[in-house]
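This report refers to the structure that appears directly beneath it.
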Amino acid sequence: MIFLLLINCFVTLSIRLPLKSLHTMNRLDVKHLKKYYTSQKAVDDISFSLAPGSIFGLLGPNGAGKTTLIRMITGILFPDEGDIIFDGQSFNPDKDNAFIGYMPEEKGLYKKMKIGDQAIYLARLKGLSRATALERVKHWFIKFEMESWWNKRVEDLSKGMQQKLQFVTTVLNDPKLIILDEPFSGLDPVNSNLIKEEIYNLAQKGASIIFSTHRMEQVEEICDHIILVNKGQKILDGTVSGVKQQFKEAIFSIGLDDYPPVTDAPFEIIGQNANQQILKIKEGYRSNDVLQYYLAKQVGINSFQEILPSLNDIFIKLVHGTPLARQFETVTA
Amino acid sequence: MNKILLVIQREYLVRVKKKSFVYTTILVPIIIVAFYAAIIAIGMSGSSEKNKIAVIDQANLFNGKVENAKNDGSQYEFITGQSPDSVKENFKKMGYDYFLFIPPMNITQAAGNIQLYSQSPVSVNFKSKVERTINNAIELKRLQSVNITRDQYRSIQSDVSIENKLKNGKEEKKSVAGVASGVAFFCGMLIYIIMLIYGTMVMRGVMEEKISRIAEVMVSSVKPFQLMMGKIIGIGAVGLTQFAIWILLIAGLQFILPFFIPGLDVSAIPQAGPGANVAGAAGMMETMRTGLHSVPWVLIIGCFIFYFLGGFLLYASLFAAVGSVVSDDQQEAQQMVFPIMMPIILGFVIMTKAISEPNSPLVIFGSLFPLTSPVVMMGRIMYDVPASQLITSMLLLVLGFLLFAWLTAKIYRTGILMYGKKVTWKEMIRWAFRKS
């Protein structure tokens, strides 16, 4: 017995050792993942890492390969090439499924099955015992005020309620990795906030969350790290603030007492309303030059602030190649 | 392994707990028994109905009395002193249902011109009853004319049935074709129906998972193959449960029914028939009874269970594959399912041929080919199938199932995650043979 244990330790150590040498162990390392279909390269050499407790935004237009990528991470599809390292070990879907919670974009439950039974069934398929499953389901149902639903059928629930139930069934197994594809679709603001709170809670307890959506304002609000995928390739990777800094275009908003006519300025005005002026600093000048220009004009300055591009703008720029400035005009006009 | 059990459990319980399952499982045998009871009841009530027949017997066939008239359920009354024409006009007013006119005749010659008058057309059944009564009377007259008693005549009559013995080398055994092959044919038909009904149920189950979009959640927890086989086995178990309950209920109802309806007994049927027919019917019952005893039940039931399971599993995996590729369009499902229905129906056609030509090359092929063997072999099993063929057929069925399960699992895996795209058979075949 002890001998077996020793072997076991040795085996695990020998697998883990080379990875331990990294500074911190990631929850998930995706390395050069590829999945080619006959008609297209669905995922073409994508790599990224995910730390424990981080909320990770997976962005990309329709058909970019997000779903294929997610399906490989959840073990539904096998990659053609590349490695997935889950908690320091090569990803083994049969075993690691128990630690993953997946809420796909195409959501669904058994319509005719009672909700309580269904939640327990899904939890048990993740390897929970009957007793544990029952306990967890009760806990979450109470937390989400769903106890009275127990004997209802899914088809009797509204779409938003189904969504809530779907979220609960996703996290019942206390997953280390939670993948949420458009988790807020069909939810009212109250329930959206409830689930958002839970996402923060789960991340705080150490769960890593991959969050896939088209709603950029939600990504900005929730995620700390994002990657952007287009045509099967990763075209952007970084923290939300880092990415914004990277794509800033020297655009500022300034609030003045009076807006004098501007001539020969170190900036050009790209938008204006009664309270503020949006301006873009010309090549070779700094923000201070703007202030000096207006100080020289003897106008009272109330506010002065840099405008970072929204993820939405960056997204559109990178995916469609549209210039940022034009986006601003349409946004602020 | 534990997960596949969970899937089986769910698929089984969800269906068994359904109200429709409870209804069909309980109602079907009740309907069958009630139908059966109704047939017997109608048969009995029909014979007890009184038909009053006015008879003018100018040939004096009956000597004024009809033997066994009570058994017939008809009441013959002989009328003398009135002309046939006036009775013909007035038999209804006189309180008769029919008027039978027998003109004078020479009994040694073929009788003709006997007329039965009625207001509405008489049933074939009634007509033949009256004909039989007249025939009996003519026969009796003819016997008397040559001085033979009825008993003597009976002792002269012969009724042989020949026995078919099989002589193959040294072995000699009794052929049990006949009743036994009837039973086997019934089993083959049952397998045919089961494959269709429960196969379709598997398909609908898979479609439900795909359409309700739970498939993707499921396959992130269990392997697609586990999900598919769990569903197939679970539904197969539902089928077995339903059959077990049906057999128990039918047997039980048949046992208790005679207590509720006195006189309703299988043995009551031949007694209700007219006298002349009793011997024949009883003889047939006797053949049935000995026939049923001679049926090799172990062989039939053994083969039934084997071919039921094999056939169901094989076709269920095909139905599952089709269910996985159709979107929520019922019509599309019907189109896709047609190529699967074909071999099942073909098997049924070949089985009907097996009854008349059990050893023709087509039937032998059909009983070996895994897509038709579950049905065909059942129809052929009673005609002394060589053990080598039986074993080959069973082996091929097992291999066929494994092959189809392997191929269809690949179609299923791809199909259930594909939304809103119409899949063709060509694509399905490509998925099936794609390296995984």
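Simple scheme: letters A, B, ... for chains in structure tokens order, numbers from 1 for residues in each chain, numbers from 1 for ligands in the order shown.
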
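Distance criterion 6 Å to chain A, applied with only C-alpha atoms, yields Lys3, Ser212, Arg213, Ile214, Ser220 and Ser221 of chain B on chain B.
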
Running DSSP on the backbone, which parts of stretch 313-361 of chain B land in helix (DSSP H, G or I), as a VMD selection string? chain B and resid 313 to 325 330 to 356 361

Polymer residues at most 12 Å from B:Val423, only C-alpha atoms, same-chain spacing of 2 or more positions, as a ChimeraX atom specification: /B:321-327,332-333,335-336,411-412,414-416,418-421,425-431
